[in-house]
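**Q** Enclosed is the structure file start_18.cif (mmCIF, C-alpha atoms and all ligand atoms).
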```cif
data_work
loop_
_atom_site.group_PDB
_atom_site.id
_atom_site.type_symbol
_atom_site.label_atom_id
_atom_site.label_comp_id
_atom_site.auth_asym_id
_atom_site.auth_seq_id
_atom_site.Cartn_x
_atom_site.Cartn_y
_atom_site.Cartn_z
ATOM 1 C CA MET S 1 0.000 0.000 0.000
ATOM 2 C CA GLY S 2 2.907 2.406 0.635
ATOM 3 C CA GLU S 3 2.462 5.724 2.429
ATOM 4 C CA LEU S 4 -0.203 6.251 5.037
ATOM 5 C CA ALA S 5 -1.300 8.820 7.601
ATOM 6 C CA PHE S 6 -3.109 8.597 10.897
ATOM 7 C CA ALA S 7 -4.973 11.709 12.062
ATOM 8 C CA ASN S 8 -8.100 12.382 14.105
ATOM 9 C CA GLY S 9 -8.322 8.725 14.987
ATOM 10 C CA VAL S 10 -8.447 7.387 11.419
ATOM 11 C CA PHE S 11 -6.032 6.079 8.808
ATOM 12 C CA GLY S 12 -6.018 7.552 5.321
ATOM 13 C CA PRO S 13 -3.873 9.029 2.564
ATOM 14 C CA ILE S 14 -1.332 11.604 3.762
ATOM 15 C CA SER S 15 -2.741 14.188 1.327
ATOM 16 C CA GLU S 16 -6.152 13.951 2.991
ATOM 17 C CA ALA S 17 -5.042 14.060 6.648
ATOM 18 C CA LYS S 18 -5.927 17.338 8.309
ATOM 19 C CA VAL S 19 -5.539 19.155 11.635
ATOM 20 C CA SER S 20 -7.011 22.443 12.781
ATOM 21 C CA ILE S 21 -5.174 25.685 11.973
ATOM 22 C CA GLU S 22 -5.671 26.440 15.662
ATOM 23 C CA ASP S 23 -3.708 23.401 16.673
ATOM 24 C CA ARG S 24 -1.070 24.475 19.184
ATOM 25 C CA GLY S 25 1.483 22.344 17.386
ATOM 26 C CA PHE S 26 0.970 24.489 14.298
ATOM 27 C CA GLN S 27 0.815 27.809 16.132
ATOM 28 C CA PHE S 28 3.426 27.401 18.871
ATOM 29 C CA GLY S 29 5.373 24.250 18.041
ATOM 30 C CA ASP S 30 3.686 23.047 21.232
ATOM 31 C CA GLY S 31 4.240 19.364 20.655
ATOM 32 C CA ILE S 32 6.581 16.412 20.792
ATOM 33 C CA TYR S 33 7.466 13.644 18.380
ATOM 34 C CA GLU S 34 9.266 10.384 17.736
ATOM 35 C CA VAL S 35 10.720 8.823 14.632
ATOM 36 C CA ILE S 36 10.828 5.043 14.584
ATOM 37 C CA VAL S 37 12.017 2.653 11.915
ATOM 38 C CA ALA S 38 10.891 -0.814 11.005
ATOM 39 C CA TYR S 39 13.279 -3.270 9.418
ATOM 40 C CA SER S 40 11.664 -6.090 7.467
ATOM 41 C CA GLY S 41 8.295 -5.241 8.980
ATOM 42 C CA ARG S 42 9.568 -5.272 12.573
ATOM 43 C CA LEU S 43 9.539 -2.115 14.661
ATOM 44 C CA PHE S 44 13.019 -1.363 15.943
ATOM 45 C CA LEU S 45 13.225 -0.526 19.681
ATOM 46 C CA LEU S 46 9.605 0.600 19.821
ATOM 47 C CA GLU S 47 9.532 0.392 23.608
ATOM 48 C CA ARG S 48 12.491 2.739 24.028
ATOM 49 C CA HIS S 49 10.954 5.285 21.666
ATOM 50 C CA MET S 50 7.686 5.146 23.569
ATOM 51 C CA GLN S 51 9.507 5.630 26.863
ATOM 52 C CA ARG S 52 11.195 8.705 25.444
ATOM 53 C CA LEU S 53 7.864 10.007 24.135
ATOM 54 C CA ARG S 54 6.464 9.734 27.653
ATOM 55 C CA ARG S 55 9.518 11.580 29.007
ATOM 56 C CA SER S 56 9.059 14.311 26.404
ATOM 57 C CA ALA S 57 5.352 14.591 27.280
ATOM 58 C CA ALA S 58 6.212 14.912 30.963
ATOM 59 C CA GLY S 59 8.880 17.488 30.058
ATOM 60 C CA ILE S 60 6.291 19.853 28.560
ATOM 61 C CA ALA S 61 3.427 18.792 30.875
ATOM 62 C CA LEU S 62 1.418 17.428 27.948
ATOM 63 C CA ASN S 63 -1.301 15.259 29.386
ATOM 64 C CA TYR S 64 -1.761 12.278 27.151
ATOM 65 C CA ASP S 65 -3.209 9.074 28.595
ATOM 66 C CA PHE S 66 -0.509 6.692 27.333
ATOM 67 C CA ASP S 67 -1.917 3.776 29.351
ATOM 68 C CA GLY S 68 -5.600 4.327 28.563
ATOM 69 C CA ARG S 69 -5.089 5.206 24.890
ATOM 70 C CA PRO S 70 -1.867 3.421 23.965
ATOM 71 C CA LEU S 71 -0.196 4.404 20.730
ATOM 72 C CA GLU S 72 1.596 1.103 20.148
ATOM 73 C CA PRO S 73 -1.438 -0.709 18.650
ATOM 74 C CA ILE S 74 -1.981 2.192 16.218
ATOM 75 C CA ILE S 75 1.662 2.103 15.169
ATOM 76 C CA ILE S 76 1.570 -1.666 14.687
ATOM 77 C CA ASP S 77 -1.730 -1.467 12.806
ATOM 78 C CA GLY S 78 -0.470 1.353 10.560
ATOM 79 C CA LEU S 79 2.676 -0.531 9.667
ATOM 80 C CA ARG S 80 0.658 -3.643 8.864
ATOM 81 C CA ARG S 81 -1.694 -1.654 6.629
ATOM 82 C CA THR S 82 1.177 -0.156 4.621
ATOM 83 C CA GLU S 83 2.675 -3.593 4.006
ATOM 84 C CA LEU S 84 6.057 -1.855 4.100
ATOM 85 C CA GLY S 85 9.083 -3.891 5.130
ATOM 86 C CA ASP S 86 11.540 -1.091 5.874
ATOM 87 C CA ALA S 87 9.511 1.874 7.069
ATOM 88 C CA LEU S 88 9.951 5.262 8.697
ATOM 89 C CA ILE S 89 7.205 6.140 11.147
ATOM 90 C CA TYR S 90 6.691 9.682 12.385
ATOM 91 C CA ILE S 91 4.569 10.181 15.488
ATOM 92 C CA GLN S 92 3.564 13.616 16.693
ATOM 93 C CA LEU S 93 1.570 14.613 19.724
ATOM 94 C CA THR S 94 0.530 18.193 20.216
ATOM 95 C CA ARG S 95 -1.281 19.789 23.100
ATOM 96 C CA GLY S 96 -4.374 20.119 20.928
ATOM 97 C CA ALA S 97 -6.454 22.779 19.207
ATOM 98 C CA ALA S 98 -7.745 25.884 20.980
ATOM 99 C CA PRO S 99 -8.158 29.609 20.271
ATOM 100 C CA ARG S 100 -4.652 31.031 20.077
ATOM 101 C CA SER S 101 -3.289 32.061 23.443
ATOM 102 C CA HIS S 102 -0.026 31.556 25.284
ATOM 103 C CA VAL S 103 -2.150 30.389 28.195
ATOM 104 C CA ILE S 104 -2.826 26.675 27.958
ATOM 105 C CA PRO S 105 -6.555 26.019 28.398
ATOM 106 C CA ALA S 106 -7.597 23.251 30.764
ATOM 107 C CA GLY S 107 -8.985 20.034 29.376
ATOM 108 C CA LEU S 108 -7.442 20.130 25.906
ATOM 109 C CA THR S 109 -7.451 16.891 23.934
ATOM 110 C CA PRO S 110 -3.987 16.236 22.485
ATOM 111 C CA THR S 111 -3.739 15.813 18.725
ATOM 112 C CA VAL S 112 -2.161 12.557 17.562
ATOM 113 C CA VAL S 113 -0.725 12.411 14.061
ATOM 114 C CA MET S 114 1.390 9.730 12.404
ATOM 115 C CA THR S 115 2.849 9.108 8.986
ATOM 116 C CA PHE S 116 4.146 5.815 7.638
ATOM 117 C CA LYS S 117 6.592 5.978 4.730
ATOM 118 C CA PRO S 118 9.182 3.761 3.071
ATOM 119 C CA LEU S 119 12.568 3.976 4.775
ATOM 120 C CA LEU S 120 15.006 5.422 2.273
ATOM 121 C CA PRO S 121 18.608 4.415 2.909
ATOM 122 C CA LEU S 122 21.268 7.153 2.996
ATOM 123 C CA PRO S 123 23.089 7.566 -0.321
ATOM 124 C CA GLU S 124 25.878 4.979 -0.648
ATOM 125 C CA ALA S 125 28.294 7.724 -1.721
ATOM 126 C CA LEU S 126 27.722 9.614 1.541
ATOM 127 C CA ARG S 127 28.264 6.453 3.576
ATOM 128 C CA ALA S 128 31.455 5.705 1.694
ATOM 129 C CA ARG S 129 33.007 9.178 1.946
ATOM 130 C CA GLY S 130 31.596 10.102 5.373
ATOM 131 C CA ALA S 131 29.887 13.360 6.306
ATOM 132 C CA LYS S 132 31.583 16.735 6.056
ATOM 133 C CA VAL S 133 30.412 18.974 8.859
ATOM 134 C CA ILE S 134 31.051 22.352 10.426
ATOM 135 C CA THR S 135 30.838 23.398 14.045
ATOM 136 C CA THR S 136 28.279 26.038 14.917
ATOM 137 C CA LEU S 137 27.046 27.770 18.052
ATOM 138 C CA ASP S 138 24.276 25.864 19.806
ATOM 139 C CA THR S 139 21.484 28.427 19.963
ATOM 140 C CA ARG S 140 18.819 25.899 20.933
ATOM 141 C CA TRP S 141 16.941 25.899 24.226
ATOM 142 C CA ALA S 142 18.172 24.289 27.434
ATOM 143 C CA ASN S 143 15.861 21.270 27.248
ATOM 144 C CA CYS S 144 16.994 19.442 24.157
ATOM 145 C CA TYR S 145 16.442 16.108 25.946
ATOM 146 C CA ILE S 146 12.764 16.771 25.137
ATOM 147 C CA LYS S 147 12.037 15.716 21.569
ATOM 148 C CA ALA S 148 10.000 18.825 20.868
ATOM 149 C CA THR S 149 8.667 19.734 17.436
ATOM 150 C CA THR S 150 10.133 23.228 17.888
ATOM 151 C CA LEU S 151 13.178 22.608 15.680
ATOM 152 C CA LEU S 152 13.844 25.954 14.010
ATOM 153 C CA PRO S 153 17.516 26.264 15.093
ATOM 154 C CA ASN S 154 18.160 22.716 13.820
ATOM 155 C CA VAL S 155 16.395 23.436 10.532
ATOM 156 C CA LEU S 156 18.276 26.698 9.948
ATOM 157 C CA ALA S 157 21.653 25.228 10.904
ATOM 158 C CA LYS S 158 21.163 22.205 8.652
ATOM 159 C CA ASN S 159 20.154 24.331 5.682
ATOM 160 C CA ASP S 160 23.005 26.767 6.241
ATOM 161 C CA ALA S 161 25.402 23.796 6.198
ATOM 162 C CA LEU S 162 23.881 22.388 2.999
ATOM 163 C CA ARG S 163 23.959 25.772 1.278
ATOM 164 C CA ARG S 164 27.675 26.038 2.072
ATOM 165 C CA GLY S 165 28.397 22.570 0.711
ATOM 166 C CA TYR S 166 28.516 20.605 3.987
ATOM 167 C CA ASP S 167 26.333 17.750 5.155
ATOM 168 C CA ASP S 168 25.512 18.865 8.695
ATOM 169 C CA VAL S 169 26.708 20.794 11.737
ATOM 170 C CA ILE S 170 27.990 19.894 15.166
ATOM 171 C CA PHE S 171 26.413 22.165 17.756
ATOM 172 C CA VAL S 172 29.003 23.578 20.172
ATOM 173 C CA THR S 173 28.194 25.719 23.219
ATOM 174 C CA ALA S 174 29.568 29.216 23.836
ATOM 175 C CA ASP S 175 31.932 27.550 26.352
ATOM 176 C CA GLY S 176 33.261 25.292 23.623
ATOM 177 C CA GLU S 177 31.526 22.044 24.578
ATOM 178 C CA VAL S 178 30.429 19.591 21.914
ATOM 179 C CA ARG S 179 26.711 18.756 21.975
ATOM 180 C CA GLU S 180 25.297 16.893 18.942
ATOM 181 C CA CYS S 181 24.336 17.234 15.259
ATOM 182 C CA THR S 182 21.026 18.610 13.966
ATOM 183 C CA ALA S 183 19.321 15.196 14.015
ATOM 184 C CA ALA S 184 21.930 12.825 15.408
ATOM 185 C CA ASN S 185 24.170 12.251 18.418
ATOM 186 C CA ILE S 186 27.914 12.384 18.225
ATOM 187 C CA PHE S 187 30.625 9.910 19.177
ATOM 188 C CA LEU S 188 34.381 10.523 19.197
ATOM 189 C CA VAL S 189 36.910 7.717 19.055
ATOM 190 C CA LYS S 190 40.266 8.274 20.709
ATOM 191 C CA GLY S 191 42.801 5.621 21.640
ATOM 192 C CA GLY S 192 40.304 2.851 20.864
ATOM 193 C CA HIS S 193 37.667 4.297 23.239
ATOM 194 C CA LEU S 194 34.336 5.923 22.485
ATOM 195 C CA HIS S 195 33.592 9.329 23.986
ATOM 196 C CA ILE S 196 30.155 10.893 24.181
ATOM 197 C CA PRO S 197 28.996 14.161 25.766
ATOM 198 C CA PRO S 198 27.112 13.857 29.077
ATOM 199 C CA ARG S 199 23.552 12.731 28.563
ATOM 200 C CA ASN S 200 22.143 15.671 30.488
ATOM 201 C CA GLU S 201 19.249 17.981 29.609
ATOM 202 C CA SER S 202 21.165 19.696 26.806
ATOM 203 C CA ILE S 203 21.087 16.871 24.265
ATOM 204 C CA LEU S 204 18.632 14.317 23.039
ATOM 205 C CA HIS S 205 19.216 10.900 24.576
ATOM 206 C CA GLY S 206 19.324 8.996 21.331
ATOM 207 C CA VAL S 207 17.759 5.580 21.117
ATOM 208 C CA THR S 208 20.402 4.673 18.532
ATOM 209 C CA GLN S 209 23.108 6.079 20.795
ATOM 210 C CA GLY S 210 21.943 3.821 23.636
ATOM 211 C CA PHE S 211 21.783 0.817 21.326
ATOM 212 C CA LEU S 212 25.290 1.515 19.984
ATOM 213 C CA ILE S 213 26.697 1.690 23.486
ATOM 214 C CA GLU S 214 25.402 -1.863 23.952
ATOM 215 C CA CYS S 215 26.894 -2.875 20.581
ATOM 216 C CA ALA S 216 30.235 -1.356 21.617
ATOM 217 C CA GLU S 217 30.232 -3.291 24.891
ATOM 218 C CA ALA S 218 29.506 -6.479 22.990
ATOM 219 C CA ILE S 219 32.491 -6.013 20.682
ATOM 220 C CA GLY S 220 34.793 -4.951 23.533
ATOM 221 C CA VAL S 221 34.993 -1.214 22.872
ATOM 222 C CA GLY S 222 34.909 0.940 26.031
ATOM 223 C CA MET S 223 33.027 4.199 26.431
ATOM 224 C CA LYS S 224 33.488 7.402 28.402
ATOM 225 C CA GLU S 225 30.703 9.905 28.978
ATOM 226 C CA GLU S 226 32.176 13.285 29.851
ATOM 227 C CA PRO S 227 32.245 16.863 28.587
ATOM 228 C CA ILE S 228 34.002 17.029 25.212
ATOM 229 C CA PRO S 229 35.851 20.266 24.420
ATOM 230 C CA ALA S 230 35.549 21.296 20.780
ATOM 231 C CA GLU S 231 39.358 21.044 20.382
ATOM 232 C CA SER S 232 39.035 17.293 20.967
ATOM 233 C CA LEU S 233 37.300 17.054 17.622
ATOM 234 C CA ARG S 234 40.632 17.925 15.984
ATOM 235 C CA ARG S 235 42.549 15.306 17.921
ATOM 236 C CA ALA S 236 39.991 12.502 17.529
ATOM 237 C CA ASP S 237 40.989 9.380 15.602
ATOM 238 C CA GLU S 238 37.419 8.982 14.378
ATOM 239 C CA VAL S 239 34.117 10.804 14.763
ATOM 240 C CA PHE S 240 30.694 9.536 13.829
ATOM 241 C CA MET S 241 27.050 10.439 14.287
ATOM 242 C CA SER S 242 24.199 8.155 15.311
ATOM 243 C CA GLY S 243 20.483 8.444 14.780
ATOM 244 C CA THR S 244 17.402 6.604 13.643
ATOM 245 C CA ALA S 245 17.853 7.870 10.086
ATOM 246 C CA ALA S 246 21.669 8.125 9.975
ATOM 247 C CA GLU S 247 22.177 4.825 11.849
ATOM 248 C CA VAL S 248 26.003 5.065 12.126
ATOM 249 C CA LEU S 249 27.490 7.672 9.815
ATOM 250 C CA ALA S 250 31.191 8.527 9.804
ATOM 251 C CA ILE S 251 32.188 12.187 9.997
ATOM 252 C CA THR S 252 35.383 12.490 8.009
ATOM 253 C CA SER S 253 35.826 16.254 7.904
ATOM 254 C CA ILE S 254 35.115 18.943 10.498
ATOM 255 C CA ASP S 255 35.570 22.632 9.669
ATOM 256 C CA ASP S 256 37.505 21.648 6.533
ATOM 257 C CA ARG S 257 40.035 19.517 8.427
ATOM 258 C CA ALA S 258 40.189 15.779 7.931
ATOM 259 C CA VAL S 259 39.257 13.634 10.921
ATOM 260 C CA GLY S 260 42.072 11.092 11.361
ATOM 261 C CA ASP S 261 43.120 10.037 7.893
ATOM 262 C CA GLY S 262 39.894 11.423 6.396
ATOM 263 C CA CYS S 263 38.373 8.000 5.771
ATOM 264 C CA VAL S 264 35.686 5.989 7.553
ATOM 265 C CA GLY S 265 37.555 4.694 10.627
ATOM 266 C CA PRO S 266 37.881 1.059 11.713
ATOM 267 C CA ILE S 267 35.885 1.358 14.960
ATOM 268 C CA THR S 268 33.106 3.263 13.189
ATOM 269 C CA GLN S 269 32.995 0.501 10.601
ATOM 270 C CA ARG S 270 33.006 -2.292 13.200
ATOM 271 C CA LEU S 271 30.181 -0.644 15.101
ATOM 272 C CA TYR S 272 28.164 -0.126 11.944
ATOM 273 C CA ASP S 273 28.729 -3.760 10.980
ATOM 274 C CA GLU S 274 27.537 -4.841 14.435
ATOM 275 C CA PHE S 275 24.530 -2.521 14.122
ATOM 276 C CA LEU S 276 23.645 -4.016 10.734
ATOM 277 C CA ARG S 277 24.128 -7.537 12.011
ATOM 278 C CA ARG S 278 21.716 -6.932 14.897
ATOM 279 C CA THR S 279 19.097 -4.906 13.062
ATOM 280 C CA ARG S 280 18.909 -6.807 9.827
ATOM 281 C CA SER S 281 18.851 -10.256 11.401
ATOM 282 C CA ARG S 282 16.091 -9.552 13.916
HETATM 283 C C1 LIG Y 301 18.912 16.519 17.916
HETATM 284 C C2 LIG Y 301 18.930 15.043 17.797
HETATM 285 N N1 LIG Y 301 19.892 14.345 18.427
HETATM 286 C C3 LIG Y 301 19.953 13.002 18.332
HETATM 287 C C4 LIG Y 301 19.059 12.282 17.574
HETATM 288 C C5 LIG Y 301 19.156 10.786 17.471
HETATM 289 O O1 LIG Y 301 18.157 10.169 18.205
HETATM 290 P P1 LIG Y 301 17.641 8.716 17.829
HETATM 291 O O2 LIG Y 301 18.850 7.846 17.801
HETATM 292 O O3 LIG Y 301 16.731 8.355 18.926
HETATM 293 O O4 LIG Y 301 16.987 8.811 16.509
HETATM 294 C C6 LIG Y 301 18.025 12.970 16.913
HETATM 295 C C7 LIG Y 301 17.023 12.250 16.124
HETATM 296 O O5 LIG Y 301 16.168 12.790 15.504
HETATM 297 C C8 LIG Y 301 17.953 14.378 17.033
HETATM 298 O O6 LIG Y 301 16.984 15.082 16.415
#
```
Could you quickly redo this structure as structure tokens?
Ligand SMILES: Cc1ncc(COP(=O)(O)O)c(C=O)c1O
**A**
Amino acid sequence: MGELAFANGVFGPISEAKVSIEDRGFQFGDGIYEVIVAYSGRLFLLERHMQRLRRSAAGIALNYDFDGRPLEPIIIDGLRRTELGDALIYIQLTRGAAPRSHVIPAGLTPTVVMTFKPLLPLPEALRARGAKVITTLDTRWANCYIKATTLLPNVLAKNDALRRGYDDVIFVTADGEVRECTAANIFLVKGGHLHIPPRNESILHGVTQGFLIECAEAIGVGMKEEPIPAESLRRADEVFMSGTAAEVLAITSIDDRAVGDGCVGPITQRLYDEFLRRTRSR
């Protein structure tokens, strides 16, 4: 069947799905979301995504009855209806529709919207050469652990990078600390060890990141979670990004300097191989 939407409690073509122009998601970006993949018709780490969605809802005090009106059966049903093997599922919850006001009215019914689309793999050429990125000031809000739909700084930074001939950015704070990419977490490799920034409120706690940490343990690669100064990017042997869409993507150039020897590094490759082994054989 291919692409499908879920809106206002019903499935239908994406072109026919509608929400109110007074929806707070539309007017204020007052909503949260998740992006989940399915490989060969099986949802990948659904539970972890749903846990994060609950955390995001709690983070913006969005009252959705996750136990009474569970989203999992809708997601499973939607995937089944599309008959897609490898699929990308977008789930968005907003606070609901109401006359525009900063004040949140009591008793709003959250809007639930989903889309189901074929999962398009990243271009092989990009995988082979690795991403070329630039560092940029992190101008986002302090609660990036919440997967909020309010993504304007990410959107602008990504498009600025593309316009200048790069693939993405690495957000760095005014104090020079590495955070993450526009839609992916970041890992450094130094001396055979992985390094990630602290999983505090300032970055999204990636489901892929968590899964890769388990993969790394399994193949005997250690990990340190500590603040990463931007200068470390220059000294890293390898750098890669992780995310539901990117999976494991090498970063081979940062601010026009090659990372390591400028090729996809051996630990990045081993981790990606392990990731593929686990996801494609499930
Ligand atoms: C800012 C940001 N960081 C990290 C990630 C990676 O998270 P996940 O691995 O759960 O897809 C995403 C995914 O969209 C993101 O938007």
**Q** Please provide as number ranges by chain all residues within 10 Å of S:Thr279, with the sequence filter that same-chain residues fewer than 3 positions apart are discarded (counting all atoms listed in the file).
**A** S: 38-40, 42, 44-45, 273-276, 282
**Q** Could you give me the residues within 10 Å of ligand LIG 301 (chain Y), counting only C-alpha atoms and all ligand atoms, as a PyMOL selection string?
**A** chain S and resi 33-37+45+48-49+52+140+144-149+151+154+171+179-186+202-212+241-248
**Q** Once the PyMOL selection byres (((chain S and resi 12) around 12) and not hetatm) has been evaluated on this model, what residues remain selected, and can you format them as an MDAnalysis selection string?
**A** chainID S and resid 1:11 13:18 78 81:82 113:116
**Q** In Å, with one decimal, what is the gap from atom CA of S:Ala258 to atom CA of S:Glu238?
**A**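 About the pair atom CA of S:Ala258 and atom CA of S:Glu238: they are 9.8 Å apart.
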**Q** Work out how far atom CA of S:Ile75 is from atom CA of S:Leu88, in Å to one decimal.
**A** 11.0 Å
**Q** Residue by residue, what does the PyMOL selection byres (((chain S and resi 24-30) around 8) and not hetatm) grab here? Present the result as a VMD selection string.
**A** chain S and resid 21 to 23 31 to 32 94 to 98 100 148 to 150
**Q** What is the distance, in Å and to one decimal place, between atom CA of S:Glu214 and atom CA of S:Asp77?
**A**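 Answer for the atom CA of S:Glu214 to atom CA of S:Asp77 separation: 29.3 Å.
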**Q** List the spatial neighbours of S:Asp65 as a CSV table (one decimal) with C-alpha atoms, in the frame of the given file - criterion: any atom at most 12 Å away, all atoms listed in the file, same-chain residues fewer than 6 positions off excluded.
**A**
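Here's the written file around.csv:
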```
chain,number,residue,atom,x,y,z
S,53,LEU,CA,7.9,10.0,24.1
S,54,ARG,CA,6.5,9.7,27.7
S,57,ALA,CA,5.4,14.6,27.3
S,58,ALA,CA,6.2,14.9,31.0
S,71,LEU,CA,-0.2,4.4,20.7
S,93,LEU,CA,1.6,14.6,19.7
S,109,THR,CA,-7.5,16.9,23.9
S,110,PRO,CA,-4.0,16.2,22.5
S,111,THR,CA,-3.7,15.8,18.7
S,112,VAL,CA,-2.2,12.6,17.6
```
**Q** Report, as lines of an AutoDock Vina configuration file, the centre and edge lengths in Å (one decimal) of the axis-aligned box enclosing every listed atom of stretch 103-112 of chain S, padded by 4 Å on each side.
**A**
```
center_x = -5.6
center_y = 21.5
center_z = 24.2
size_x = 14.8
size_y = 25.8
size_z = 21.2
```
**Q** Nearest to S:Asp175: which of S:Asp86, S:Glu47, S:Glu225, S:Glu231 is it, counting all atoms listed in the file?
**A**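 Checking each of S:Asp86, S:Glu47, S:Glu225, S:Glu231 against S:Asp175, counting all atoms listed in the file, the winner is S:Glu231.
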**Q** May I have the residues within 8 Å of stretch 262-269 of chain S as an MDAnalysis selection string, using all atoms listed in the file and disregarding those fewer than 6 positions away in the same chain?
**A** chainID S and resid 128:130 189 192 237:240 248:253
**Q** Name every residue that the PyMOL selection byres (((chain S and resi 120) around 9) and not hetatm) selects in this structure, writing the answer as number ranges by chain with chains first and numbers rising.
**A** S: 86-88, 117-119, 121-123, 245
**Q** Using only C-alpha atoms for the distances, tell me which of S:Glu177, S:Arg257, S:Asn143, S:Leu271 is nearest to S:Val221.
**A** S:Leu271
